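For reference, protein_16.cif (mmCIF, C-alpha atoms):
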```
data_structure
loop_
_atom_site.label_atom_id
_atom_site.label_comp_id
_atom_site.auth_asym_id
_atom_site.auth_seq_id
_atom_site.Cartn_x
_atom_site.Cartn_y
_atom_site.Cartn_z
CA MET P 531 -5.01 40.71 13.90
CA LYS P 532 -3.41 37.93 11.91
CA TYR P 533 -5.48 35.67 9.67
CA THR P 534 -5.37 31.95 10.47
CA ASP P 535 -6.09 29.43 7.74
CA TYR P 536 -8.18 26.84 9.60
CA TYR P 537 -8.53 24.61 6.55
CA ALA P 538 -4.76 24.45 6.16
CA ALA P 539 -4.43 23.74 9.91
CA LEU P 540 -6.54 20.62 9.42
CA GLY P 541 -4.97 19.80 6.04
CA ILE P 542 -8.29 19.88 4.15
CA GLU P 543 -9.84 21.74 1.21
CA ARG P 544 -12.14 24.70 1.83
CA GLY P 545 -15.08 22.74 0.48
CA ALA P 546 -14.50 19.76 2.79
CA SER P 547 -17.60 18.02 4.18
CA ALA P 548 -18.45 18.03 7.88
CA GLU P 549 -17.41 14.37 8.01
CA ASP P 550 -14.03 15.14 6.41
CA ILE P 551 -13.46 17.94 8.93
CA LYS P 552 -14.23 15.56 11.81
CA LYS P 553 -11.93 12.86 10.44
CA ALA P 554 -9.08 15.32 9.92
CA TYR P 555 -9.50 16.72 13.43
CA ARG P 556 -9.54 13.25 15.04
CA ARG P 557 -6.49 12.10 13.13
CA LEU P 558 -4.45 15.18 14.03
CA ALA P 559 -5.76 15.40 17.61
CA GLN P 560 -4.53 11.85 18.31
CA LYS P 561 -1.12 12.82 16.97
CA TYR P 562 -0.69 16.17 18.71
CA HIS P 563 -2.87 16.12 21.84
CA PRO P 564 -0.59 17.47 24.60
CA ASP P 565 -1.78 14.83 27.07
CA VAL P 566 -0.65 11.97 24.85
CA SER P 567 2.01 13.42 22.51
CA LYS P 568 5.67 14.10 23.19
CA GLU P 569 6.33 15.54 19.73
CA PRO P 570 8.16 18.87 19.84
CA GLY P 571 5.69 21.73 19.40
CA ALA P 572 2.72 19.39 19.91
CA GLU P 573 0.92 21.78 22.26
CA ALA P 574 1.07 24.72 19.85
CA ARG P 575 0.05 22.49 16.94
CA PHE P 576 -2.88 21.08 18.92
CA LYS P 577 -4.00 24.62 19.77
CA GLU P 578 -4.19 25.43 16.03
CA ILE P 579 -6.03 22.18 15.33
CA GLY P 580 -8.45 22.74 18.24
CA GLU P 581 -9.22 26.32 17.17
CA ALA P 582 -9.85 25.18 13.61
CA TRP P 583 -12.10 22.38 14.83
CA GLN P 584 -14.10 24.59 17.20
CA THR P 585 -14.87 26.95 14.34
CA LEU P 586 -15.32 24.64 11.38
CA LYS P 587 -17.44 22.00 13.15
CA ASP P 588 -20.16 24.59 13.81
CA PRO P 589 -22.05 25.54 10.60
CA GLU P 590 -22.71 29.13 11.76
CA LYS P 591 -19.12 29.73 12.84
CA ARG P 592 -17.87 28.14 9.65
CA ALA P 593 -20.12 30.42 7.56
CA ALA P 594 -18.79 33.47 9.45
CA TYR P 595 -15.22 32.25 8.91
CA ASP P 596 -15.76 31.52 5.21
CA ALA P 597 -17.25 35.01 4.77
CA LEU P 598 -13.83 36.47 5.65
CA GLY P 599 -12.53 35.00 2.39
CA SER P 600 -9.35 33.10 1.74
CA ARG P 601 -6.17 34.93 2.71
CA PRO P 602 -2.53 34.00 3.19
CA GLN P 603 -1.74 32.52 6.60
CA GLY P 604 -0.61 35.21 9.03
CA GLU P 605 -1.76 38.17 6.89
CA GLU P 606 -2.71 41.27 8.91
CA PHE P 607 -6.37 42.12 8.40
CA ARG P 608 -9.54 43.46 10.03
CA PRO P 609 -12.98 41.98 9.41
CA PRO P 610 -15.29 44.20 7.30
CA PRO P 611 -17.40 46.61 9.41
CA ASP P 612 -20.71 44.80 8.92
CA TRP P 613 -19.27 41.28 9.12
CA ALA P 614 -20.06 40.60 12.78
CA ARG P 615 -23.62 41.91 12.56
CA GLN P 616 -24.32 39.82 9.46
CA HIS P 617 -23.34 36.73 11.40
CA GLY P 618 -25.28 37.41 14.59
CA GLY P 619 -22.54 39.07 16.63
CA GLU P 620 -22.26 42.55 18.05
CA GLN P 621 -18.57 43.20 17.71
CA HIS P 622 -17.99 46.95 17.71
CA SER P 623 -14.22 46.96 17.98
CA PHE P 624 -11.60 44.43 16.97
CA ASP P 625 -8.90 45.91 19.17
CA ASP P 626 -7.22 43.44 21.55
CA VAL P 627 -9.14 40.58 19.93
CA ASP P 628 -7.41 37.38 18.90
CA PHE P 629 -8.47 35.77 15.65
CA SER P 630 -9.65 32.69 17.57
CA ASP P 631 -11.86 34.86 19.82
CA LEU P 632 -13.73 36.30 16.83
CA PHE P 633 -15.93 33.24 16.53
CA ALA P 634 -16.63 32.62 20.21
CA ARG P 635 -19.97 34.43 20.07
CA PHE P 636 -21.24 32.84 16.88
CA GLY P 637 -23.17 29.62 16.45
CA GLY P 638 -23.79 26.85 18.96
CA ARG P 639 -25.92 27.90 21.90
CA GLY P 640 -24.57 31.42 21.86
CA ASN P 641 -26.42 33.55 19.36
CA GLY P 642 -24.52 36.70 20.19
CA ARG P 643 -27.00 37.64 22.91
CA ASP P 644 -26.32 34.98 25.53
CA PHE P 645 -25.44 36.82 28.72
CA SER P 646 -25.90 33.91 31.15
CA ALA P 647 -23.27 33.15 33.78
CA ARG P 648 -20.06 31.73 32.35
CA GLN P 649 -17.09 30.46 34.26
CA GLY P 650 -13.80 32.00 33.24
CA GLN P 651 -11.42 29.79 31.31
CA ASP P 652 -8.75 27.81 33.16
CA PHE P 653 -5.20 28.10 31.87
CA GLU P 654 -2.17 25.86 32.25
CA VAL P 655 1.22 27.51 32.01
CA PRO P 656 4.53 25.62 31.89
CA VAL P 657 7.13 27.25 34.13
CA GLU P 658 10.85 26.47 34.34
CA ILE P 659 12.69 27.24 37.56
CA SER P 660 16.28 26.61 38.57
CA ILE P 661 17.29 24.00 41.13
CA GLU P 662 18.49 26.86 43.34
CA ASP P 663 15.01 28.47 43.18
CA ALA P 664 13.40 25.12 44.01
CA TYR P 665 15.75 24.87 47.01
CA ARG P 666 15.24 28.41 48.34
CA GLY P 667 11.76 29.18 47.03
CA THR P 668 11.06 31.95 44.57
CA THR P 669 8.47 34.44 43.41
CA LEU P 670 7.42 34.09 39.81
CA SER P 671 6.17 37.04 37.82
CA LEU P 672 4.05 35.78 34.95
CA ASN P 673 3.00 38.06 32.11
CA LEU P 674 -0.13 36.60 30.58
CA SER P 675 -2.63 37.72 27.98
CA LEU P 676 -5.96 36.35 29.17
CA PRO P 677 -9.32 36.52 27.38
CA GLU P 678 -12.04 38.49 29.18
CA TYR P 679 -15.70 38.87 28.30
CA GLU P 680 -16.84 42.43 27.70
CA SER P 681 -20.29 43.50 28.93
CA ASN P 682 -21.73 42.69 25.48
CA GLY P 683 -20.36 39.17 25.69
CA ASN P 684 -17.48 39.62 23.27
CA LEU P 685 -14.01 38.42 24.12
CA ARG P 686 -10.90 40.53 24.22
CA ARG P 687 -7.34 39.88 25.40
CA VAL P 688 -6.18 41.69 28.51
CA PRO P 689 -2.57 41.65 29.72
CA HIS P 690 -2.12 40.51 33.31
CA THR P 691 0.85 40.17 35.58
CA VAL P 692 0.42 37.42 38.13
CA LYS P 693 2.91 37.05 40.95
CA ALA P 694 3.10 33.65 42.56
CA ARG P 695 5.22 32.77 45.58
CA ILE P 696 6.59 29.26 45.15
CA ALA P 697 7.69 27.99 48.54
CA ALA P 698 10.83 25.90 48.83
CA GLY P 699 10.35 22.27 47.89
CA ALA P 700 8.96 22.28 44.36
CA ILE P 701 10.13 19.34 42.27
CA ASP P 702 10.12 18.52 38.59
CA GLY P 703 6.53 17.82 37.49
CA GLN P 704 5.02 19.69 40.45
CA ARG P 705 1.63 21.22 39.67
CA LEU P 706 0.31 24.31 41.41
CA ARG P 707 -3.11 25.92 41.30
CA LEU P 708 -3.77 29.66 41.58
CA PRO P 709 -7.51 29.98 42.22
CA GLY P 710 -9.27 32.73 40.30
CA LYS P 711 -6.20 33.80 38.32
CA GLY P 712 -7.36 32.43 34.96
CA GLY P 713 -9.86 34.04 32.59
CA LYS P 714 -12.52 36.34 34.07
CA GLY P 715 -15.98 34.87 34.52
CA MET P 716 -19.06 36.56 33.09
CA GLY P 717 -22.54 37.22 34.46
CA GLY P 718 -21.68 36.00 37.94
CA GLY P 719 -19.67 32.98 36.78
CA ARG P 720 -16.52 32.41 38.82
CA ASP P 721 -13.13 33.37 37.48
CA GLY P 722 -11.09 30.56 36.00
CA ASP P 723 -7.96 29.17 37.63
CA LEU P 724 -4.34 29.27 36.61
CA TYR P 725 -2.36 26.03 36.78
CA LEU P 726 1.42 26.07 36.79
CA ASP P 727 3.35 23.03 35.57
CA ILE P 728 6.81 23.26 37.11
CA THR P 729 9.88 21.83 35.46
CA LEU P 730 13.42 22.19 36.75
CA LYS P 731 16.03 23.62 34.39
CA PRO P 732 19.01 21.39 33.67
CA HIS P 733 21.83 22.24 36.06
CA ALA P 734 25.57 22.25 35.44
CA VAL P 735 26.30 20.24 38.60
CA TYR P 736 23.16 18.56 39.95
CA ARG P 737 20.65 16.17 38.45
CA ALA P 738 17.33 16.13 40.31
CA THR P 739 14.90 13.25 40.67
CA GLY P 740 12.07 13.95 43.05
CA HIS P 741 13.67 15.57 46.09
CA ASP P 742 16.97 13.72 45.62
CA LEU P 743 19.96 15.21 43.83
CA TYR P 744 22.86 13.46 42.11
CA LEU P 745 26.25 14.80 41.13
CA ASP P 746 29.36 13.25 39.64
CA LEU P 747 32.28 12.81 42.03
CA PRO P 748 35.50 12.40 40.02
CA LEU P 749 38.24 10.71 42.05
CA ALA P 750 41.87 10.07 41.25
CA PRO P 751 42.78 6.35 41.31
CA TRP P 752 44.74 6.74 44.56
CA GLU P 753 41.80 8.60 46.22
CA ALA P 754 39.49 5.75 45.24
CA ALA P 755 41.99 3.09 46.36
CA LEU P 756 43.16 4.64 49.62
CA GLY P 757 40.11 6.68 50.61
CA ALA P 758 40.08 10.46 50.96
CA THR P 759 38.19 13.41 52.33
CA VAL P 760 37.03 15.60 49.46
CA GLU P 761 35.04 18.81 49.23
CA VAL P 762 31.63 18.44 47.60
CA PRO P 763 29.34 21.32 46.59
CA THR P 764 25.82 21.27 48.05
CA LEU P 765 23.02 23.80 47.66
CA ALA P 766 23.74 24.96 51.21
CA GLY P 767 27.48 25.32 50.59
CA ALA P 768 30.46 23.00 50.27
CA VAL P 769 30.83 20.11 52.72
CA ASN P 770 33.57 17.56 53.32
CA LEU P 771 32.76 14.02 52.26
CA LYS P 772 34.71 11.03 53.51
CA VAL P 773 35.30 8.62 50.65
CA PRO P 774 35.91 5.07 51.92
CA ALA P 775 38.96 3.17 50.71
CA GLY P 776 38.23 0.99 47.71
CA ALA P 777 35.55 3.24 46.20
CA ALA P 778 34.51 2.11 42.73
CA THR P 779 33.11 3.90 39.72
CA GLY P 780 29.31 4.04 39.92
CA GLN P 781 29.26 3.77 43.71
CA LYS P 782 26.83 6.24 45.27
CA LEU P 783 27.91 8.06 48.40
CA ARG P 784 24.92 9.52 50.25
CA LEU P 785 24.82 12.90 51.93
CA ALA P 786 21.59 12.60 53.91
CA GLY P 787 19.25 15.59 53.88
CA ARG P 788 21.36 17.57 51.39
CA GLY P 789 18.81 17.34 48.57
CA LEU P 790 15.77 19.50 47.91
CA PRO P 791 13.58 20.42 50.88
CA MET P 792 10.16 18.82 51.23
CA PRO P 793 7.18 21.14 51.71
CA ARG P 794 6.20 19.48 55.00
CA GLY P 795 9.67 19.24 56.49
CA GLY P 796 12.71 17.11 55.87
CA ALA P 797 14.70 17.01 52.67
CA GLY P 798 15.83 14.61 50.02
CA ASP P 799 19.38 13.29 49.86
CA LEU P 800 22.36 14.24 47.74
CA PHE P 801 24.17 11.33 46.11
CA ALA P 802 27.73 11.69 44.90
CA VAL P 803 28.33 9.16 42.12
CA VAL P 804 31.96 8.05 42.04
CA GLN P 805 33.88 8.27 38.79
CA VAL P 806 37.47 7.12 38.91
CA VAL P 807 39.49 9.31 36.53
CA VAL P 808 42.88 8.11 35.31
CA PRO P 809 45.30 10.99 34.77
CA PRO P 810 47.35 11.29 31.58
CA PRO P 811 50.42 9.15 32.27
CA ASP P 812 53.82 10.62 32.90
CA GLU P 813 56.96 8.52 33.15
CA ARG P 814 57.05 8.14 36.94
CA GLU P 815 53.37 7.24 37.19
CA GLN P 816 53.78 4.82 34.30
CA ALA P 817 56.48 3.02 36.25
CA LEU P 818 54.30 2.87 39.38
CA TYR P 819 51.37 1.43 37.40
CA GLU P 820 53.69 -1.20 35.98
CA GLN P 821 54.66 -2.14 39.53
CA LEU P 822 50.98 -2.41 40.43
CA ARG P 823 50.39 -4.65 37.43
CA ASP P 824 53.21 -6.92 38.47
CA LEU P 825 51.91 -7.04 42.02
CA ALA P 826 48.44 -7.93 40.75
CA LYS P 827 49.89 -11.03 39.06
CA SER P 828 50.86 -12.40 42.45
CA SER P 829 47.71 -11.22 44.28
CA GLY P 830 45.45 -12.85 41.70
CA PHE P 831 43.31 -9.73 41.28
CA ASN P 832 41.11 -10.00 38.20
CA PRO P 833 38.48 -7.30 37.65
CA ARG P 834 36.77 -9.33 34.90
CA ARG P 835 35.34 -12.41 36.56
CA TRP P 836 32.51 -12.77 34.07
CA GLY P 837 30.05 -15.48 34.93
CA GLU P 838 31.50 -16.12 38.38
CA GLY P 839 30.04 -15.52 41.78
CA SER P 840 26.35 -15.27 40.92
CA MET T 463 -2.71 44.68 39.63
CA ASN T 464 0.39 43.03 40.95
CA LEU T 465 -0.82 41.10 43.95
CA GLU T 466 0.94 37.97 45.07
CA SER T 467 -1.44 35.07 44.59
CA GLU T 468 -2.44 32.22 46.80
CA VAL T 469 -0.76 29.07 45.52
CA LEU T 470 -2.15 25.61 46.20
CA TRP T 471 0.15 22.63 45.79
CA LEU T 472 -1.45 19.75 43.92
CA ASP T 473 0.34 17.00 45.82
CA GLU T 474 -0.41 13.91 47.87
CA HIS T 475 -0.85 15.80 51.14
CA ARG T 476 -3.62 18.24 50.30
CA LEU T 477 -7.10 16.71 50.07
CA VAL T 478 -9.99 17.80 47.88
CA THR T 479 -13.65 16.76 48.15
CA LEU T 480 -15.77 15.24 45.42
CA THR T 481 -17.59 18.58 45.04
CA GLU T 482 -14.30 20.45 44.61
CA LEU T 483 -13.09 17.85 42.15
CA MET T 484 -16.29 18.31 40.11
CA GLU T 485 -16.00 22.09 40.18
CA PHE T 486 -12.34 22.30 39.28
CA SER T 487 -12.02 19.43 36.81
CA GLY T 488 -15.16 19.97 34.73
CA LEU T 489 -16.21 16.30 35.05
CA HIS T 490 -19.71 15.37 36.23
CA GLU T 491 -20.30 13.50 39.48
CA THR T 492 -21.36 10.32 37.68
CA GLU T 493 -18.25 10.41 35.51
CA LEU T 494 -15.99 10.90 38.52
CA LEU T 495 -17.68 8.09 40.44
CA ASP T 496 -17.39 5.79 37.41
CA LEU T 497 -13.66 6.54 37.24
CA VAL T 498 -13.32 5.92 40.99
CA HIS T 499 -15.19 2.61 40.77
CA THR T 500 -13.01 1.38 37.91
CA GLY T 501 -9.93 2.32 39.95
CA ALA T 502 -8.71 4.89 37.42
CA LEU T 503 -8.96 7.69 39.98
CA PRO T 504 -7.66 6.81 43.46
CA ALA T 505 -10.00 7.91 46.27
CA ARG T 506 -9.98 7.55 50.03
CA ASP T 507 -12.60 7.86 52.74
CA ALA T 508 -13.03 11.44 53.95
CA PRO T 509 -12.77 11.93 57.74
CA GLY T 510 -16.40 13.17 57.89
CA GLY T 511 -17.75 10.55 55.48
CA GLY T 512 -17.89 10.57 51.70
CA LEU T 513 -14.91 10.52 49.39
CA ALA T 514 -11.70 12.50 49.52
CA PHE T 515 -8.97 12.75 46.92
CA SER T 516 -5.37 13.81 47.04
CA ALA T 517 -4.95 17.09 45.19
CA ARG T 518 -2.79 15.25 42.63
CA VAL T 519 -5.99 13.55 41.44
CA LEU T 520 -7.23 16.96 40.28
CA THR T 521 -4.53 16.90 37.60
CA MET T 522 -5.71 13.44 36.49
CA ALA T 523 -9.35 14.51 36.48
CA ARG T 524 -8.57 17.61 34.41
CA THR T 525 -6.69 15.42 31.94
CA ALA T 526 -9.74 13.13 31.79
CA CYS T 527 -11.98 16.13 31.11
CA ARG T 528 -9.77 17.28 28.23
CA LEU T 529 -9.68 13.78 26.75
CA ARG T 530 -13.47 13.50 27.08
CA ASP T 531 -13.99 16.80 25.27
CA ASP T 532 -11.29 16.45 22.63
CA PHE T 533 -11.82 12.77 21.74
CA GLU T 534 -15.47 12.30 22.79
CA LEU T 535 -14.43 9.43 25.08
CA ASP T 536 -16.87 7.77 27.46
CA THR T 537 -15.81 6.83 31.01
CA ARG T 538 -14.65 3.35 29.95
CA GLY T 539 -12.34 4.91 27.38
CA LEU T 540 -11.24 7.53 29.90
CA ALA T 541 -10.44 4.86 32.48
CA VAL T 542 -8.20 2.99 30.03
CA ALA T 543 -6.52 6.22 28.88
CA LEU T 544 -5.90 7.39 32.46
CA ARG T 545 -4.39 4.05 33.48
CA LEU T 546 -2.07 4.07 30.47
CA LEU T 547 -1.07 7.69 31.06
CA GLU T 548 -0.28 6.87 34.70
CA ARG T 549 1.86 3.95 33.59
CA VAL T 550 3.69 6.21 31.14
CA ARG T 551 4.17 8.78 33.91
CA ASP T 552 5.56 6.12 36.28
CA LEU T 553 7.91 4.80 33.60
CA GLU T 554 9.10 8.31 32.74
CA SER T 555 9.78 8.97 36.43
CA GLU T 556 11.76 5.74 36.64
CA ILE T 557 13.77 6.62 33.52
CA ALA T 558 14.47 10.10 34.94
CA ARG T 559 15.58 8.54 38.25
CA LEU T 560 17.93 6.11 36.49
CA ARG T 561 19.28 8.82 34.16
CA ALA T 562 20.06 11.04 37.13
CA GLN T 563 22.36 8.29 38.43
CA LEU T 564 24.33 8.05 35.21
CA PRO T 565 27.51 10.07 34.99
CA ARG T 566 27.23 13.14 32.79
CA THR T 567 30.17 12.15 30.60
#
```
Go ahead and express the file in the form of structure tokens.
Amino acid sequence: MKYTDYYAALGIERGASAEDIKKAYRRLAQKYHPDVSKEPGAEARFKEIGEAWQTLKDPEKRAAYDALGSRPQGEEFRPPPDWARQHGGEQHSFDDVDFSDLFARFGGRGNGRDFSARQGQDFEVPVEISIEDAYRGTTLSLNLSLPEYESNGNLRRVPHTVKARIAAGAIDGQRLRLPGKGGKGMGGGRDGDLYLDITLKPHAVYRATGHDLYLDLPLAPWEAALGATVEVPTLAGAVNLKVPAGAATGQKLRLAGRGLPMPRGGAGDLFAVVQVVVPPPDEREQALYEQLRDLAKSSGFNPRRWGEGS
Amino acid sequence: MNLESEVLWLDEHRLVTLTELMEFSGLHETELLDLVHTGALPARDAPGGGLAFSARVLTMARTACRLRDDFELDTRGLAVALRLLERVRDLESEIARLRAQLPRT
């Protein structure tokens, strides 16, 4: 296993007082707590901080940790053979054990011999799926390493593959619960649950918000001015969209029911957002635009009527 | 084992009871009722009496449990934190909705 420097994680000296440890934890927890922080890597950083806090706040766990000595962060090591016994544990093997799990049986209420019922740990896993998968539904195959209690109460990591069928209709931010698929319970305690936090991957064509989808609809100036029927991609295949004459940039043309399906029937809408694209001028087009400009002088068209009409 | 698992959607349609909310969130009954009474957790009347919650509330209650444990907050602090987090969530949804309408280029 790899050594983790809990003092460095909290940014404190090894001889720090209990009060200093608490202050450091609170300061960092407010900054990196995943429920309140949007900093990149906040969740992983909070996990380090939380592990350090759980161990160093408890005098017995801290003594067991300190007894391992000071080592470089990430160094491969195994605790000395009599280390666990000296600190009230009964660890016989350190195979498949995470560094953070080493201290779970020390200190607090657990004295290394607490075999009462314990509920398995819940886990939250972020999952990214494509818009196509959200539209059609998909089966996720999740490879997880979950802690399990051995019969002697020690923790070890066990690899699991969990398959979860996600029916059509998931949206960004959707949460799903898989009962009993988290950490194993102990002594009759129920197994923990697995929670999936769904996010939709960015898509080359569509932008999703809830069950609605948006895409850009580039139009040539004459298509926007005169109206046109254009082919638009949808998740169910291309459809023809009738663009009304006089379409303007930013105008949203709605294709009802062409968005993401809703779990209880119906579907969101697909909105095509008009973007008028002016082609690179050639001589003939240049001449035609000049004619338009001259015509506009007599028609009185002015696209910039700032401060008028409101 | 490679069994396909039962998946429950935590959305507005599925309802959970107060007992389920206690079991799955880790909050005590008194804490949940405090948060309901302050309006931080939306509840509705269950068809057979008592309280019912949309399954989305389970996510809020689990957040409250984490905040309680990690910051040692009492229910008044939790109520304020939950309200602010919901406002942030609503604002982020609104920003995402408006961004989706902007052209990509």
**Request:** Evaluate the PyMOL selection byres ((chain P and resi 711-717) around 9) on the structure here and hand back the selected residues as a ChimeraX atom specification.
**Result:** /P:645-654,676-681,683,692,707-710,718-725 /T:467
Given all atoms listed in the file, how would the per-residue table for chain P near chain T read, listing every residue at most 7 Å away with its closest atom pair and distance in Å to one decimal, sorted by chain and number, as JSON lines?
```
{"residue": "P:Asp565", "atom": "CA", "partner": "T:Thr525", "partner_atom": "CA", "distance": 6.9}
{"residue": "P:Thr691", "atom": "CA", "partner": "T:Asn464", "partner_atom": "CA", "distance": 6.1}
{"residue": "P:Val692", "atom": "CA", "partner": "T:Asn464", "partner_atom": "CA", "distance": 6.3}
{"residue": "P:Lys693", "atom": "CA", "partner": "T:Glu466", "partner_atom": "CA", "distance": 4.7}
{"residue": "P:Ala694", "atom": "CA", "partner": "T:Ser467", "partner_atom": "CA", "distance": 5.2}
{"residue": "P:Arg695", "atom": "CA", "partner": "T:Glu466", "partner_atom": "CA", "distance": 6.8}
{"residue": "P:Arg705", "atom": "CA", "partner": "T:Leu472", "partner_atom": "CA", "distance": 5.5}
{"residue": "P:Leu706", "atom": "CA", "partner": "T:Trp471", "partner_atom": "CA", "distance": 4.7}
{"residue": "P:Arg707", "atom": "CA", "partner": "T:Leu470", "partner_atom": "CA", "distance": 5.0}
{"residue": "P:Leu708", "atom": "CA", "partner": "T:Val469", "partner_atom": "CA", "distance": 5.0}
{"residue": "P:Arg737", "atom": "CA", "partner": "T:Ala562", "partner_atom": "CA", "distance": 5.3}
{"residue": "P:Ala738", "atom": "CA", "partner": "T:Ala562", "partner_atom": "CA", "distance": 6.6}
{"residue": "P:Thr739", "atom": "CA", "partner": "T:Arg559", "partner_atom": "CA", "distance": 5.3}
{"residue": "P:Tyr744", "atom": "CA", "partner": "T:Ala562", "partner_atom": "CA", "distance": 6.2}
{"residue": "P:Asp746", "atom": "CA", "partner": "T:Pro565", "partner_atom": "CA", "distance": 5.9}
```
**Prompt:** Could you work out how far CA of Glu578 in chain P lies from CA of Arg687 in chain P, giving the answer in Å with one decimal?
**Reply:**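 So the answer is 17.5 Å.
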**Request:** Please identify all polymer residues within 8 Å of Ala541 in chain T, counting only C-alpha atoms, omitting same-chain residues fewer than 5 positions from it, and present them as a ChimeraX atom specification.
**Result:** /T:497,500-502
Any chance you could export the current selection's C-alpha atoms as an mmCIF file, keeping the file's coordinate frame?
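Produced file selection16.cif, reproduced below:
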```
data_model
loop_
_atom_site.group_PDB
_atom_site.id
_atom_site.type_symbol
_atom_site.label_atom_id
_atom_site.label_comp_id
_atom_site.auth_asym_id
_atom_site.auth_seq_id
_atom_site.Cartn_x
_atom_site.Cartn_y
_atom_site.Cartn_z
ATOM 1 C CA LEU T 497 -13.660 6.540 37.240
ATOM 2 C CA THR T 500 -13.010 1.380 37.910
ATOM 3 C CA GLY T 501 -9.930 2.320 39.950
ATOM 4 C CA ALA T 502 -8.710 4.890 37.420
#
```
**Expansion of the PyMOL selection byres ((chain P and resi 803-817) around 6) into residues, as a list in words** =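 Selection result, ordered by chain and number: Asp746, Leu747, Pro748, Leu749, Ala750, Pro751, Thr779, Gly780, Gln781, Lys782, Ala802, Leu818, Tyr819 and Glu820 of chain P.
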**Asked** Between P:Ala778, P:Val655, P:Val627, P:Ala700, which is the closest to Val688 in chain P once you count all atoms listed in the file?
**Response** P:Val627
**Message:** Residues within 12 Å of Thr479 in chain T, please, as a count of residues only. Count only C-alpha atoms; anything in the same chain fewer than 5 positions from it doesn't count.
**Reply:** 21
**Message:** Which residues would end up in the selection if the PyMOL selection byres ((chain P and resi 535) around 8) were applied here, given that I need the answer as a list of chain:residue names?
**Reply:** P:Tyr533, P:Thr534, P:Tyr536, P:Tyr537, P:Ala538, P:Ala539, P:Ser600, P:Arg601, P:Pro602, P:Gln603
**Prompt:** Which residue, T:Arg538, T:Arg524, T:Arg551, T:Arg530, has the smallest gap to Gly488 in chain T when you use all atoms listed in the file?
**Reply:**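 Checking each of T:Arg538, T:Arg524, T:Arg551, T:Arg530 against Gly488 in chain T, counting all atoms listed in the file, the winner is T:Arg524.
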Is there a way to complete range 539-553 of chain T with N, CA and C atoms and then write that out as a PDB file, keeping the file's coordinate frame?
```
ATOM      1  N   GLY T 539     -13.516   4.473  28.132  1.00  0.00           N
ATOM      2  CA  GLY T 539     -12.340   4.910  27.380  1.00  0.00           C
ATOM      3  C   GLY T 539     -11.423   5.777  28.225  1.00  0.00           C
ATOM      4  N   LEU T 540     -12.036   6.651  29.032  1.00  0.00           N
ATOM      5  CA  LEU T 540     -11.240   7.530  29.900  1.00  0.00           C
ATOM      6  C   LEU T 540     -10.453   6.717  30.918  1.00  0.00           C
ATOM      7  N   ALA T 541     -11.110   5.679  31.464  1.00  0.00           N
ATOM      8  CA  ALA T 541     -10.440   4.860  32.480  1.00  0.00           C
ATOM      9  C   ALA T 541      -9.198   4.185  31.890  1.00  0.00           C
ATOM     10  N   VAL T 542      -9.348   3.645  30.677  1.00  0.00           N
ATOM     11  CA  VAL T 542      -8.200   2.990  30.030  1.00  0.00           C
ATOM     12  C   VAL T 542      -7.100   4.026  29.758  1.00  0.00           C
ATOM     13  N   ALA T 543      -7.515   5.192  29.218  1.00  0.00           N
ATOM     14  CA  ALA T 543      -6.520   6.220  28.880  1.00  0.00           C
ATOM     15  C   ALA T 543      -5.786   6.697  30.138  1.00  0.00           C
ATOM     16  N   LEU T 544      -6.534   6.902  31.226  1.00  0.00           N
ATOM     17  CA  LEU T 544      -5.900   7.390  32.460  1.00  0.00           C
ATOM     18  C   LEU T 544      -4.906   6.367  33.011  1.00  0.00           C
ATOM     19  N   ARG T 545      -5.299   5.095  32.974  1.00  0.00           N
ATOM     20  CA  ARG T 545      -4.390   4.050  33.480  1.00  0.00           C
ATOM     21  C   ARG T 545      -3.100   4.016  32.649  1.00  0.00           C
ATOM     22  N   LEU T 546      -3.263   4.101  31.331  1.00  0.00           N
ATOM     23  CA  LEU T 546      -2.070   4.070  30.470  1.00  0.00           C
ATOM     24  C   LEU T 546      -1.202   5.309  30.690  1.00  0.00           C
ATOM     25  N   LEU T 547      -1.840   6.470  30.831  1.00  0.00           N
ATOM     26  CA  LEU T 547      -1.070   7.690  31.060  1.00  0.00           C
ATOM     27  C   LEU T 547      -0.325   7.620  32.398  1.00  0.00           C
ATOM     28  N   GLU T 548      -0.957   7.014  33.411  1.00  0.00           N
ATOM     29  CA  GLU T 548      -0.280   6.870  34.700  1.00  0.00           C
ATOM     30  C   GLU T 548       0.909   5.939  34.586  1.00  0.00           C
ATOM     31  N   ARG T 549       0.728   4.863  33.796  1.00  0.00           N
ATOM     32  CA  ARG T 549       1.860   3.950  33.590  1.00  0.00           C
ATOM     33  C   ARG T 549       3.002   4.655  32.875  1.00  0.00           C
ATOM     34  N   VAL T 550       2.656   5.452  31.860  1.00  0.00           N
ATOM     35  CA  VAL T 550       3.690   6.210  31.140  1.00  0.00           C
ATOM     36  C   VAL T 550       4.390   7.156  32.110  1.00  0.00           C
ATOM     37  N   ARG T 551       3.586   7.821  32.954  1.00  0.00           N
ATOM     38  CA  ARG T 551       4.170   8.780  33.910  1.00  0.00           C
ATOM     39  C   ARG T 551       5.122   8.066  34.870  1.00  0.00           C
ATOM     40  N   ASP T 552       4.697   6.888  35.361  1.00  0.00           N
ATOM     41  CA  ASP T 552       5.560   6.120  36.280  1.00  0.00           C
ATOM     42  C   ASP T 552       6.853   5.703  35.580  1.00  0.00           C
ATOM     43  N   LEU T 553       6.719   5.242  34.341  1.00  0.00           N
ATOM     44  CA  LEU T 553       7.910   4.800  33.600  1.00  0.00           C
ATOM     45  C   LEU T 553       8.849   5.980  33.326  1.00  0.00           C
TER      46      LEU T 553
END
```
